[in-house]
file work-v5.csv (CSV, C-alpha atoms and all ligand atoms)
chain,number,residue,atom,x,y,z
A,286,MET,CA,42.9,15.8,5.7
A,287,ASN,CA,42.8,12.5,7.7
A,288,ASP,CA,43.0,9.2,5.8
A,289,PRO,CA,39.7,7.5,5.5
A,290,LYS,CA,39.3,4.5,7.9
A,291,PRO,CA,39.8,1.1,6.3
A,292,VAL,CA,36.5,-0.6,5.6
A,293,ARG,CA,36.0,-3.9,7.2
A,294,THR,CA,33.4,-6.6,6.4
A,295,ILE,CA,31.2,-7.3,9.3
A,296,ALA,CA,31.1,-11.0,9.9
A,297,VAL,CA,28.1,-12.5,11.6
A,298,ALA,CA,27.8,-16.2,12.4
A,299,ASP,CA,24.3,-16.6,11.3
A,300,LEU,CA,22.2,-18.6,8.9
A,301,ARG,CA,24.3,-17.6,5.9
A,302,TYR,CA,26.9,-20.2,7.0
A,303,ARG,CA,24.3,-22.9,7.4
A,304,GLY,CA,23.9,-25.4,4.6
A,305,ALA,CA,20.9,-27.3,3.7
A,306,LEU,CA,20.0,-30.6,5.4
A,307,PRO,CA,22.4,-33.2,4.0
A,308,HIS,CA,21.2,-35.8,1.6
A,309,ILE,CA,20.5,-39.2,3.1
A,310,PRO,CA,21.5,-42.0,0.6
A,311,ASP,CA,18.9,-44.7,0.0
A,312,LEU,CA,21.4,-47.4,0.6
A,313,LEU,CA,22.7,-47.4,4.2
A,314,SER,CA,25.9,-49.3,4.1
A,315,THR,CA,28.0,-50.2,7.2
A,316,PRO,CA,31.0,-47.8,7.6
A,317,SER,CA,34.3,-49.4,6.4
A,318,GLY,CA,36.6,-47.0,8.2
A,319,GLN,CA,38.1,-46.4,4.7
A,320,LEU,CA,36.2,-43.4,3.3
A,321,SER,CA,37.9,-41.6,0.5
A,322,ASP,CA,37.1,-38.2,-1.1
A,323,ARG,CA,37.2,-37.4,-4.8
A,324,LEU,CA,40.9,-36.7,-4.5
A,325,HIS,CA,41.5,-40.0,-2.7
A,326,ARG,CA,42.0,-38.4,0.7
A,327,PRO,CA,40.9,-40.4,3.7
A,328,LEU,CA,39.0,-38.9,6.7
A,329,ARG,CA,41.3,-39.1,9.8
A,330,ASP,CA,41.0,-35.9,11.7
A,331,LEU,CA,38.0,-34.1,13.2
A,332,ARG,CA,38.3,-30.7,14.6
A,333,ILE,CA,35.4,-29.7,16.9
A,334,SER,CA,34.6,-26.1,17.8
A,335,VAL,CA,33.0,-26.1,21.2
A,336,THR,CA,32.4,-22.3,21.4
A,337,ASP,CA,32.5,-19.3,19.2
A,338,ARG,CA,33.5,-17.0,22.1
A,339,CYS,CA,36.9,-16.0,23.2
A,340,ASN,CA,38.5,-13.8,25.9
A,341,PHE,CA,41.2,-12.7,23.4
A,342,ARG,CA,40.8,-10.4,20.4
A,343,CYS,CA,43.8,-11.5,18.3
A,344,SER,CA,43.8,-9.2,15.3
A,345,TYR,CA,44.3,-12.0,12.8
A,346,CYS,CA,41.3,-13.9,14.1
A,347,MET,CA,38.7,-11.9,16.1
A,348,PRO,CA,39.6,-8.2,15.5
A,349,ARG,CA,37.8,-6.1,18.1
A,350,GLU,CA,36.3,-3.7,15.5
A,351,VAL,CA,34.2,-6.7,14.3
A,352,PHE,CA,33.9,-8.8,17.4
A,353,ASP,CA,32.8,-6.0,19.7
A,354,LYS,CA,30.1,-5.8,22.4
A,355,ASP,CA,27.4,-5.8,19.8
A,356,TYR,CA,28.6,-8.9,18.1
A,357,ALA,CA,25.9,-11.6,18.0
A,358,PHE,CA,27.6,-14.7,19.4
A,359,LEU,CA,25.6,-17.9,19.2
A,360,PRO,CA,22.9,-18.5,21.8
A,361,GLN,CA,23.4,-21.5,24.1
A,362,SER,CA,20.5,-23.4,22.4
A,363,SER,CA,22.4,-23.3,19.1
A,364,LEU,CA,25.5,-25.0,20.4
A,365,LEU,CA,25.8,-28.8,20.1
A,366,SER,CA,25.4,-30.4,23.4
A,367,PHE,CA,28.1,-32.8,24.7
A,368,GLU,CA,25.8,-35.7,23.9
A,369,GLU,CA,25.3,-34.5,20.3
A,370,ILE,CA,29.1,-33.9,19.9
A,371,THR,CA,29.8,-37.4,21.2
A,372,ARG,CA,27.2,-39.0,19.0
A,373,LEU,CA,28.7,-37.4,15.9
A,374,ALA,CA,32.3,-38.2,17.0
A,375,ARG,CA,31.3,-41.8,17.3
A,376,LEU,CA,30.0,-41.9,13.8
A,377,PHE,CA,33.1,-40.1,12.4
A,378,VAL,CA,35.4,-42.6,14.2
A,379,ALA,CA,33.6,-45.5,12.6
A,380,HIS,CA,34.4,-43.8,9.3
A,381,GLY,CA,38.1,-43.7,10.1
A,382,VAL,CA,38.7,-40.6,12.3
A,383,GLU,CA,41.6,-41.3,14.7
A,384,LYS,CA,42.3,-37.8,16.0
A,385,LEU,CA,39.9,-35.3,17.7
A,386,ARG,CA,40.9,-31.8,18.3
A,387,LEU,CA,38.8,-29.5,20.5
A,388,THR,CA,39.0,-25.9,19.5
A,389,GLY,CA,37.0,-22.7,19.1
A,390,GLY,CA,36.9,-19.8,20.0
A,391,GLU,CA,38.6,-20.5,23.2
A,392,PRO,CA,37.6,-24.1,24.1
A,393,LEU,CA,38.4,-23.7,27.8
A,394,LEU,CA,35.6,-21.2,28.1
A,395,ARG,CA,33.1,-23.9,27.4
A,396,LYS,CA,31.6,-24.8,30.7
A,397,ASN,CA,32.4,-28.3,31.9
A,398,ILE,CA,34.6,-29.1,28.9
A,399,GLU,CA,36.2,-31.8,31.1
A,400,ILE,CA,32.9,-33.8,30.9
A,401,LEU,CA,33.0,-33.7,27.1
A,402,ILE,CA,36.6,-34.9,27.1
A,403,GLY,CA,35.7,-37.7,29.4
A,404,MET,CA,32.9,-38.8,27.1
A,405,LEU,CA,35.1,-38.6,24.0
A,406,ALA,CA,37.9,-40.5,25.7
A,407,GLU,CA,35.7,-43.5,26.0
A,408,LEU,CA,35.4,-43.9,22.2
A,409,ARG,CA,37.5,-46.5,20.4
A,410,THR,CA,38.5,-47.0,16.8
A,411,PRO,CA,37.0,-50.0,15.0
A,412,GLN,CA,40.3,-51.7,15.8
A,413,GLY,CA,39.8,-51.0,19.5
A,414,ARG,CA,42.5,-48.3,19.8
A,415,GLU,CA,42.1,-45.2,21.9
A,416,LEU,CA,41.7,-41.9,20.1
A,417,ASP,CA,44.3,-39.2,20.0
A,418,ILE,CA,42.4,-36.4,21.8
A,419,THR,CA,43.9,-33.0,21.9
A,420,LEU,CA,42.9,-29.3,22.4
A,421,THR,CA,44.1,-26.0,21.1
A,422,THR,CA,44.0,-23.1,23.6
A,423,ASN,CA,45.2,-19.6,24.1
A,424,GLY,CA,46.5,-20.8,27.5
A,425,SER,CA,44.8,-18.2,29.6
A,426,LEU,CA,42.9,-20.8,31.7
A,427,LEU,CA,45.4,-23.6,31.4
A,428,ALA,CA,47.2,-23.1,34.8
A,429,LYS,CA,43.8,-23.5,36.4
A,430,LYS,CA,42.5,-26.4,34.3
A,431,ALA,CA,45.6,-28.5,33.3
A,432,GLN,CA,45.1,-31.1,36.0
A,433,SER,CA,41.3,-31.6,35.5
A,434,LEU,CA,41.8,-31.8,31.7
A,435,LYS,CA,44.5,-34.5,32.1
A,436,ASP,CA,42.3,-36.4,34.6
A,437,ALA,CA,39.4,-36.3,32.2
A,438,GLY,CA,41.5,-38.1,29.5
A,439,LEU,CA,43.1,-35.3,27.4
A,440,ARG,CA,46.4,-36.5,26.0
A,441,ARG,CA,48.1,-33.3,24.7
A,442,VAL,CA,47.5,-29.6,24.3
A,443,THR,CA,48.6,-27.0,21.7
A,444,VAL,CA,49.1,-23.6,23.2
A,445,SER,CA,48.9,-20.5,21.0
A,446,LEU,CA,51.6,-17.9,21.9
A,447,ASP,CA,52.6,-15.1,19.5
A,448,GLY,CA,55.6,-13.7,21.3
A,449,LEU,CA,57.5,-13.6,24.6
A,450,ASP,CA,57.9,-9.8,24.8
A,451,ASP,CA,55.0,-8.7,27.1
A,452,ALA,CA,54.2,-5.6,25.1
A,453,VAL,CA,54.2,-7.5,21.8
A,454,PHE,CA,52.0,-10.3,23.2
A,455,ARG,CA,49.5,-7.8,24.7
A,456,ARG,CA,49.3,-6.1,21.3
A,457,MET,CA,48.7,-9.4,19.6
A,458,ASN,CA,45.9,-10.6,22.0
A,459,ASP,CA,44.5,-7.0,22.1
A,460,VAL,CA,43.0,-7.5,25.5
A,461,ASP,CA,46.2,-6.5,27.4
A,462,TYR,CA,46.7,-10.1,28.6
A,463,PRO,CA,50.2,-10.7,30.1
A,464,VAL,CA,52.5,-13.3,28.6
A,465,ALA,CA,53.5,-14.5,32.1
A,466,ASP,CA,50.1,-16.1,32.7
A,467,VAL,CA,50.3,-18.1,29.5
A,468,LEU,CA,53.8,-19.3,30.3
A,469,ARG,CA,52.5,-20.4,33.7
A,470,GLY,CA,49.8,-22.3,31.8
A,471,ILE,CA,52.4,-24.0,29.7
A,472,GLU,CA,54.4,-25.0,32.7
A,473,ALA,CA,51.3,-26.4,34.4
A,474,ALA,CA,50.4,-28.5,31.3
A,475,GLU,CA,53.9,-29.9,31.1
A,476,LYS,CA,53.9,-30.7,34.8
A,477,VAL,CA,50.7,-32.8,34.6
A,478,GLY,CA,52.0,-34.6,31.5
A,479,LEU,CA,49.9,-33.0,28.7
A,480,ALA,CA,52.8,-33.7,26.5
A,481,PRO,CA,54.5,-33.4,24.1
A,482,LEU,CA,53.2,-29.9,24.2
A,483,LYS,CA,53.0,-27.9,21.0
A,484,VAL,CA,53.2,-24.1,20.9
A,485,ASN,CA,51.8,-22.3,17.9
A,486,MET,CA,53.0,-18.9,16.9
A,487,VAL,CA,51.2,-17.0,14.1
A,488,VAL,CA,53.8,-14.8,12.4
A,489,LYS,CA,52.6,-11.4,11.2
A,490,ARG,CA,55.3,-9.6,9.4
A,491,GLY,CA,56.0,-6.2,10.9
A,492,THR,CA,53.9,-7.0,14.1
A,493,ASN,CA,55.6,-10.0,15.9
A,494,ASP,CA,58.3,-11.4,13.5
A,495,GLN,CA,61.0,-10.0,15.8
A,496,GLU,CA,59.8,-12.6,18.3
A,497,ILE,CA,60.8,-15.6,16.1
A,498,VAL,CA,64.3,-16.0,17.4
A,499,PRO,CA,63.5,-15.3,21.1
A,500,MET,CA,60.7,-17.9,20.9
A,501,ALA,CA,63.0,-20.4,19.3
A,502,ARG,CA,65.7,-19.7,22.0
A,503,HIS,CA,63.1,-20.0,24.8
A,504,PHE,CA,61.6,-23.4,23.7
A,505,ARG,CA,64.8,-25.1,22.5
A,506,GLY,CA,65.6,-28.0,24.7
A,507,SER,CA,62.3,-27.7,26.6
A,508,GLY,CA,60.6,-30.7,25.1
A,509,ALA,CA,57.9,-28.5,23.6
A,510,VAL,CA,57.6,-28.3,19.8
A,511,LEU,CA,57.3,-24.7,18.6
A,512,ARG,CA,55.5,-24.3,15.3
A,513,PHE,CA,55.4,-21.1,13.2
A,514,ILE,CA,52.2,-20.6,11.3
A,515,GLU,CA,51.9,-18.3,8.3
A,516,TYR,CA,49.3,-15.7,8.7
A,517,MET,CA,46.3,-17.0,6.7
A,518,ASP,CA,43.5,-15.3,4.8
A,519,VAL,CA,40.8,-17.2,6.7
A,520,GLY,CA,37.5,-15.5,7.4
A,521,ALA,CA,36.4,-12.1,6.1
A,522,SER,CA,37.2,-9.8,9.0
A,523,ASN,CA,41.0,-9.7,9.6
A,524,GLY,CA,41.9,-7.4,6.7
A,525,TRP,CA,44.5,-9.9,5.5
A,526,ARG,CA,47.3,-8.7,3.2
A,527,MET,CA,49.9,-10.8,1.5
A,528,ASP,CA,52.7,-8.3,2.5
A,529,GLU,CA,52.0,-9.2,6.2
A,530,VAL,CA,52.8,-12.9,5.5
A,531,LEU,CA,56.3,-13.9,6.4
A,532,PRO,CA,57.0,-17.1,4.3
A,533,SER,CA,58.1,-20.1,6.4
A,534,ALA,CA,61.3,-20.3,4.4
A,535,GLN,CA,62.4,-17.0,5.9
A,536,VAL,CA,61.4,-18.1,9.4
A,537,ILE,CA,63.7,-21.1,9.0
A,538,ARG,CA,66.5,-18.9,7.6
A,539,ARG,CA,66.3,-16.5,10.5
A,540,ILE,CA,66.4,-19.3,13.1
A,541,ALA,CA,69.2,-21.2,11.4
A,542,GLU,CA,71.4,-18.1,11.5
A,543,HIS,CA,71.5,-18.7,15.3
A,544,PHE,CA,70.8,-22.4,15.7
A,545,PRO,CA,71.6,-24.7,12.7
A,546,LEU,CA,68.6,-26.8,11.5
A,547,GLN,CA,68.1,-29.9,9.5
A,548,ALA,CA,64.9,-31.0,7.7
A,549,LEU,CA,63.0,-34.0,9.0
A,550,GLU,CA,60.7,-36.4,7.3
A,551,ALA,CA,56.9,-36.0,8.0
A,552,SER,CA,55.9,-38.3,10.7
A,553,ALA,CA,52.4,-39.0,9.4
A,554,ALA,CA,50.4,-38.4,6.2
A,555,GLY,CA,48.2,-35.3,6.3
A,556,GLU,CA,50.5,-33.6,8.8
A,557,THR,CA,50.3,-29.9,8.4
A,558,ALA,CA,53.7,-28.9,9.8
A,559,GLU,CA,57.0,-29.3,8.0
A,560,ARG,CA,59.4,-30.5,10.6
A,561,TRP,CA,63.0,-29.4,11.4
A,562,ARG,CA,65.4,-30.5,14.1
A,563,TYR,CA,68.2,-28.5,15.8
A,564,VAL,CA,71.5,-30.0,14.7
A,565,ASP,CA,72.8,-29.8,18.3
A,566,GLY,CA,70.0,-32.1,19.5
A,567,ALA,CA,67.9,-29.4,21.3
A,568,GLY,CA,64.6,-30.7,19.9
A,569,GLU,CA,62.5,-29.8,16.9
A,570,ILE,CA,60.4,-27.1,15.4
A,571,GLY,CA,57.7,-27.0,12.7
A,572,VAL,CA,56.5,-24.6,10.1
A,573,ILE,CA,53.0,-24.5,8.8
A,574,SER,CA,53.1,-22.9,5.3
A,575,SER,CA,49.4,-22.7,4.5
A,576,VAL,CA,50.0,-19.7,2.2
A,577,THR,CA,53.3,-20.3,0.5
A,578,GLN,CA,53.2,-24.1,0.2
A,579,ALA,CA,49.7,-25.5,0.1
A,580,PHE,CA,49.3,-29.0,1.6
A,581,CYS,CA,45.8,-29.8,0.3
A,582,GLY,CA,47.1,-33.0,-1.4
A,583,ASP,CA,46.7,-35.1,1.7
A,584,CYS,CA,44.3,-33.0,3.8
A,585,ASN,CA,42.4,-35.5,5.9
A,586,ARG,CA,40.6,-32.9,8.1
A,587,ALA,CA,36.9,-32.2,8.7
A,588,ARG,CA,35.6,-29.4,10.9
A,589,LEU,CA,32.5,-29.4,13.0
A,590,SER,CA,31.3,-25.9,13.9
A,591,THR,CA,30.0,-24.8,17.2
A,592,GLU,CA,26.4,-25.3,16.0
A,593,GLY,CA,27.0,-28.6,14.2
A,594,GLN,CA,27.8,-27.5,10.7
A,595,LEU,CA,30.3,-29.8,8.9
A,596,PHE,CA,33.0,-28.0,6.9
A,597,LEU,CA,35.3,-29.7,4.5
A,598,CYS,CA,37.8,-27.0,4.2
A,599,LEU,CA,39.0,-24.1,6.4
A,600,PHE,CA,38.2,-21.8,3.5
A,601,ALA,CA,34.7,-23.1,2.8
A,602,SER,CA,31.9,-20.6,2.8
A,603,GLN,CA,29.1,-23.0,3.7
A,604,GLY,CA,28.7,-26.1,5.9
A,605,GLN,CA,26.4,-29.1,5.9
A,606,ASP,CA,23.8,-29.0,8.6
A,607,LEU,CA,24.5,-32.1,10.7
A,608,ARG,CA,22.7,-30.5,13.7
A,609,GLY,CA,19.5,-30.6,11.6
A,610,LEU,CA,19.9,-34.3,11.3
A,611,LEU,CA,20.8,-34.8,15.0
A,612,ARG,CA,17.7,-32.8,16.1
A,613,GLY,CA,15.5,-34.4,13.5
A,614,ALA,CA,14.2,-38.0,13.8
A,615,TYR,CA,17.2,-39.5,12.0
A,616,SER,CA,18.9,-42.7,13.0
A,617,ASP,CA,22.7,-43.2,13.5
A,618,GLU,CA,22.7,-45.2,10.3
A,619,GLN,CA,21.1,-42.4,8.3
A,620,ILE,CA,23.5,-39.7,9.7
A,621,SER,CA,26.5,-42.0,9.2
A,622,ALA,CA,25.4,-42.5,5.5
A,623,ALA,CA,25.0,-38.7,5.1
A,624,ILE,CA,28.5,-38.1,6.4
A,625,ALA,CA,30.0,-40.8,4.0
A,626,HIS,CA,28.1,-39.2,1.1
A,627,ILE,CA,29.4,-35.7,2.0
A,628,TRP,CA,33.0,-36.9,2.4
A,629,GLN,CA,33.0,-38.9,-0.8
A,630,ALA,CA,31.9,-35.8,-2.8
A,631,ARG,CA,34.6,-33.6,-1.3
A,632,SER,CA,37.0,-32.0,-3.7
A,633,ASP,CA,38.1,-28.9,-1.7
A,634,ARG,CA,41.7,-27.7,-2.1
A,635,TYR,CA,41.5,-24.0,-1.7
A,636,SER,CA,45.2,-23.3,-0.8
A,637,GLN,CA,46.5,-25.3,-3.7
A,638,LEU,CA,44.2,-23.4,-6.1
A,639,ARG,CA,45.2,-20.1,-4.7
A,640,SER,CA,48.9,-20.8,-5.0
A,641,ALA,CA,48.5,-22.2,-8.5
A,642,GLN,CA,46.2,-19.6,-10.0
A,643,GLY,CA,45.8,-16.8,-7.4
A,644,ALA,CA,42.3,-18.2,-7.2
A,645,GLU,CA,39.7,-16.3,-5.1
A,646,LEU,CA,36.2,-17.4,-4.1
A,647,PRO,CA,33.5,-16.4,-6.5
A,648,ALA,CA,32.1,-13.0,-5.9
A,649,GLY,CA,29.4,-12.8,-3.2
A,650,GLN,CA,30.7,-15.9,-1.3
A,651,ARG,CA,32.1,-15.2,2.1
A,652,ARG,CA,34.5,-17.4,4.0
A,653,VAL,CA,33.6,-18.7,7.4
A,654,GLU,CA,35.4,-17.2,10.4
A,655,MET,CA,38.1,-19.2,12.1
A,656,SER,CA,36.6,-18.6,15.5
A,657,TYR,CA,33.4,-20.3,14.3
A,658,ILE,CA,34.9,-23.5,12.8
A,659,GLY,CA,38.1,-23.6,14.8
A,660,GLY,CA,41.7,-23.7,13.6
B,1,LIG,N1,41.6,-20.0,21.0
B,1,LIG,C1,42.4,-21.1,20.7
B,1,LIG,C2,43.8,-20.7,20.4
B,1,LIG,O1,44.0,-19.5,20.0
B,1,LIG,O2,44.6,-21.6,20.4
B,1,LIG,C3,41.8,-22.1,19.7
B,1,LIG,C4,41.2,-21.5,18.5
B,1,LIG,S1,42.2,-20.6,17.4
B,1,LIG,C5,41.1,-20.1,16.1
B,1,LIG,C6,43.2,-22.0,16.7
B,1,LIG,C7,44.5,-21.6,16.0
B,1,LIG,O3,44.2,-20.8,14.8
B,1,LIG,C8,45.4,-20.7,16.8
B,1,LIG,O4,46.7,-21.4,16.9
B,1,LIG,C9,45.5,-19.5,16.1
B,1,LIG,O5,46.7,-18.9,16.3
B,1,LIG,C10,45.2,-19.9,14.7
B,1,LIG,N2,44.8,-18.8,13.8
B,1,LIG,C11,43.7,-18.0,14.0
B,1,LIG,N3,43.6,-17.1,13.0
B,1,LIG,C12,44.6,-17.4,12.1
B,1,LIG,C13,45.1,-16.8,10.9
B,1,LIG,N4,44.5,-15.8,10.3
B,1,LIG,N5,46.2,-17.3,10.4
B,1,LIG,C14,46.9,-18.3,10.9
B,1,LIG,N6,46.5,-18.9,12.1
B,1,LIG,C15,45.4,-18.4,12.7
B,2,LIG,FE1,40.7,-16.3,20.5
B,2,LIG,FE2,42.3,-18.2,19.5
B,2,LIG,FE3,41.1,-16.5,17.8
B,2,LIG,FE4,43.1,-15.6,19.4
B,2,LIG,S1,43.3,-17.2,17.8
B,2,LIG,S2,41.1,-14.6,19.1
B,2,LIG,S3,42.8,-16.8,21.2
B,2,LIG,S4,40.1,-17.9,19.1
B,3,LIG,FE1,42.7,-28.7,3.7
B,3,LIG,FE2,41.3,-26.7,2.7
B,3,LIG,FE3,43.5,-26.2,4.0
B,3,LIG,FE4,43.6,-27.3,1.6
B,3,LIG,S1,42.9,-25.3,2.1
B,3,LIG,S2,44.8,-27.9,3.4
B,3,LIG,S3,41.8,-28.6,1.7
B,3,LIG,S4,41.6,-27.1,4.9

call {"tool": "encode", "arguments": {"input": "work-v5.csv", "output": "structure tokens"}}
result
Amino acid sequence: MNDPKPVRTIAVADLRYRGALPHIPDLLSTPSGQLSDRLHRPLRDLRISVTDRCNFRCSYCMPREVFDKDYAFLPQSSLLSFEEITRLARLFVAHGVEKLRLTGGEPLLRKNIEILIGMLAELRTPQGRELDITLTTNGSLLAKKAQSLKDAGLRRVTVSLDGLDDAVFRRMNDVDYPVADVLRGIEAAEKVGLAPLKVNMVVKRGTNDQEIVPMARHFRGSGAVLRFIEYMDVGASNGWRMDEVLPSAQVIRRIAEHFPLQALEASAAGETAERWRYVDGAGEIGVISSVTQAFCGDCNRARLSTEGQLFLCLFASQGQDLRGLLRGAYSDEQISAAIAHIWQARSDRYSQLRSAQGAELPAGQRRVEMSYIGG
């Protein structure tokens, strides 16, 4: 008899993610740039998802059994416009955000993304500094777009690449996309000065972990910073299992057997990656241990979904409907006060609770998909 097929939850980016219209405080105070949540964490980093669509079907993010031809992606009218995104970004910057990351889905699929980058690049912190604007991409359109992105004001890019072996890479992206095209994209990005470039590799034990050392060897001495990400239990559709997580400590051990490594201090508070350098001076790598070593303690990131829902944690099951405020008759002062109120009430620390207690979400709550709020 055949084994029964594993059951998957069908995830639909619909109203169930959408929170109520945020509360507008009666007192509209001027932003101080020093917002702090209930765990004393500032707001510094805003990740903006510009599309929920993608041309890849990475099994850990958008498995094709769920994100198939019948999947209901968001209609254009649901997406925040560039003007709406920029208006919100300006309000977040006044509250202390210094770093903007465009993500998705695949952000380079959003039409005229360069125009948005140009608009965001004009924003300044209250102290008059430029923002750190970056973008995470699967690299498939990078060779074509690197120059126009740089010209628009993008500073850096992070490229996701899960292996160098063509067969392994095609299996990971599940659309038969060749690794050579992504490598060409990386080259183009470096050539136009979108640097220092970061390369993210999600490690799935038993699927692509044999690529760890070849990836380290390839990017050593190139100037790019390779970062290994533990396969996370985000969303509800990837069929995550703990035995497919390869702890970062093992990644470091495997690389150090070939190329000795030394731990480095974190360069900034709230940094997700633990940094290591090659003892022989061939650069550095990072590990992001979201599963085995939670880093909620200084998590200063907020996420804006493709349709303008504000999420305070990657593992949240509901957002706050900022788009409702944008499209209602609310002033900048009112929306700004609502954002402050939301951040000040934040106490999310999902990864920490999970590692401490094996905590799970209450029954019936469903986590938002990574492709909807961005990584
Ligand atoms: N499409 C772009 C890309 O792949 O770079 C941007 C969006 S993607 C959701 C952002 C990042 O999330 C990628 O680096 C991806 O590898 C990572 N990611 C997605 N699902 C993940 C998971 N289950 N565990 C760990 N990282 C994941
Ligand atoms: Fe697409 Fe990025 Fe998700 Fe892969 S990780 S399916 S490239 S959004
Ligand atoms: Fe931040 Fe939530 Fe991740 Fe903790 S689990 S680091 S609070 S996004």

call {"tool": "closest_residue", "arguments": {"input": "work-v5.csv", "among": "A:Val335, A:Ile627, A:Leu312, A:Ala554", "to": "ligand LIG 2 (chain B)", "atoms": "all atoms listed in the file"}}
result
A:Val335

call {"tool": "atom_distance", "arguments": {"input": "work-v5.csv", "atom1": "CA of Met404 in chain A", "atom2": "CA of Pro481 in chain A"}}
result
22.5 Å

call {"tool": "residues_around", "arguments": {"input": "work-v5.csv", "residues": "Pro316 in chain A", "least_positions_apart": "4", "cutoff": "10 Å", "atoms": "only C-alpha atoms", "output": "PyMOL selection string"}}
result
chain A and resi 320+376-381+411+618+621-622+625

call {"tool": "residues_near_ligand", "arguments": {"input": "work-v5.csv", "ligand": "ligand LIG 1 (chain B)", "cutoff": "6 Å", "atoms": "only C-alpha atoms and all ligand atoms", "output": "JSON, numbers by chain"}}
result
{"A": [345, 346, 388, 389, 390, 391, 421, 422, 423, 444, 445, 485, 487, 514, 515, 516, 517, 518, 519, 655, 656, 659, 660]}

call {"tool": "residues_near_ligand", "arguments": {"input": "work-v5.csv", "ligand": "ligand LIG 3 (chain B)", "cutoff": "7 Å", "atoms": "all atoms listed in the file", "output": "list in words"}}
result
Ser575, Ala579, Phe580, Cys581, Cys584, Arg586, Leu597, Cys598, Leu599, Phe600, Asp633, Arg634, Tyr635, Ser636 and Gln637 of chain A

call {"tool": "residues_around", "arguments": {"input": "work-v5.csv", "residues": "range 604-608 of chain A", "least_positions_apart": "6", "cutoff": "10 Å", "atoms": "all atoms listed in the file", "output": "ChimeraX atom specification"}}
result
/A:301-308,363-365,369-370,373,588-598,620,623-624,627,653,658

call {"tool": "closest_residue", "arguments": {"input": "work-v5.csv", "among": "A:Ser574, A:Thr443, A:Ser616, A:Ser602", "to": "ligand LIG 2 (chain B)", "atoms": "only C-alpha atoms and all ligand atoms"}}
result
A:Thr443

call {"tool": "decode", "arguments": {"input": "work-v5.csv", "residues": "range 528-538 of chain A", "atoms": "N, CA, C and O atoms", "output": "PDB file, in the first residue's frame"}}
result
ATOM      1  N   ASP A 528      14.153  18.265  12.569  1.00  0.00           N
ATOM      2  CA  ASP A 528      15.298  17.444  12.150  1.00  0.00           C
ATOM      3  C   ASP A 528      15.877  17.902  10.803  1.00  0.00           C
ATOM      4  O   ASP A 528      16.912  17.401  10.365  1.00  0.00           O
ATOM      5  N   GLU A 529      15.227  18.879  10.154  1.00  0.00           N
ATOM      6  CA  GLU A 529      15.805  19.437   8.922  1.00  0.00           C
ATOM      7  C   GLU A 529      16.604  20.725   9.195  1.00  0.00           C
ATOM      8  O   GLU A 529      17.106  21.350   8.272  1.00  0.00           O
ATOM      9  N   VAL A 530      16.675  21.099  10.465  1.00  0.00           N
ATOM     10  CA  VAL A 530      17.462  22.281  10.840  1.00  0.00           C
ATOM     11  C   VAL A 530      18.881  21.834  11.156  1.00  0.00           C
ATOM     12  O   VAL A 530      19.070  20.907  11.940  1.00  0.00           O
ATOM     13  N   LEU A 531      19.852  22.460  10.537  1.00  0.00           N
ATOM     14  CA  LEU A 531      21.243  22.180  10.893  1.00  0.00           C
ATOM     15  C   LEU A 531      21.710  23.349  11.765  1.00  0.00           C
ATOM     16  O   LEU A 531      21.820  24.475  11.274  1.00  0.00           O
ATOM     17  N   PRO A 532      21.960  23.103  13.056  1.00  0.00           N
ATOM     18  CA  PRO A 532      22.331  24.214  13.941  1.00  0.00           C
ATOM     19  C   PRO A 532      23.586  24.940  13.431  1.00  0.00           C
ATOM     20  O   PRO A 532      24.516  24.317  12.919  1.00  0.00           O
ATOM     21  N   SER A 533      23.590  26.258  13.584  1.00  0.00           N
ATOM     22  CA  SER A 533      24.716  27.076  13.104  1.00  0.00           C
ATOM     23  C   SER A 533      26.047  26.603  13.674  1.00  0.00           C
ATOM     24  O   SER A 533      27.080  26.707  13.001  1.00  0.00           O
ATOM     25  N   ALA A 534      26.027  26.109  14.906  1.00  0.00           N
ATOM     26  CA  ALA A 534      27.282  25.646  15.523  1.00  0.00           C
ATOM     27  C   ALA A 534      27.916  24.566  14.649  1.00  0.00           C
ATOM     28  O   ALA A 534      29.136  24.502  14.501  1.00  0.00           O
ATOM     29  N   GLN A 535      27.071  23.737  14.031  1.00  0.00           N
ATOM     30  CA  GLN A 535      27.617  22.683  13.164  1.00  0.00           C
ATOM     31  C   GLN A 535      28.118  23.251  11.837  1.00  0.00           C
ATOM     32  O   GLN A 535      29.071  22.747  11.258  1.00  0.00           O
ATOM     33  N   VAL A 536      27.455  24.300  11.363  1.00  0.00           N
ATOM     34  CA  VAL A 536      27.913  24.957  10.133  1.00  0.00           C
ATOM     35  C   VAL A 536      29.330  25.491  10.363  1.00  0.00           C
ATOM     36  O   VAL A 536      30.246  25.264   9.564  1.00  0.00           O
ATOM     37  N   ILE A 537      29.505  26.175  11.493  1.00  0.00           N
ATOM     38  CA  ILE A 537      30.819  26.751  11.821  1.00  0.00           C
ATOM     39  C   ILE A 537      31.865  25.637  11.939  1.00  0.00           C
ATOM     40  O   ILE A 537      32.973  25.745  11.402  1.00  0.00           O
ATOM     41  N   ARG A 538      31.494  24.556  12.618  1.00  0.00           N
ATOM     42  CA  ARG A 538      32.442  23.442  12.800  1.00  0.00           C
ATOM     43  C   ARG A 538      32.871  22.881  11.446  1.00  0.00           C
ATOM     44  O   ARG A 538      34.042  22.657  11.189  1.00  0.00           O
TER      45      ARG A 538
END
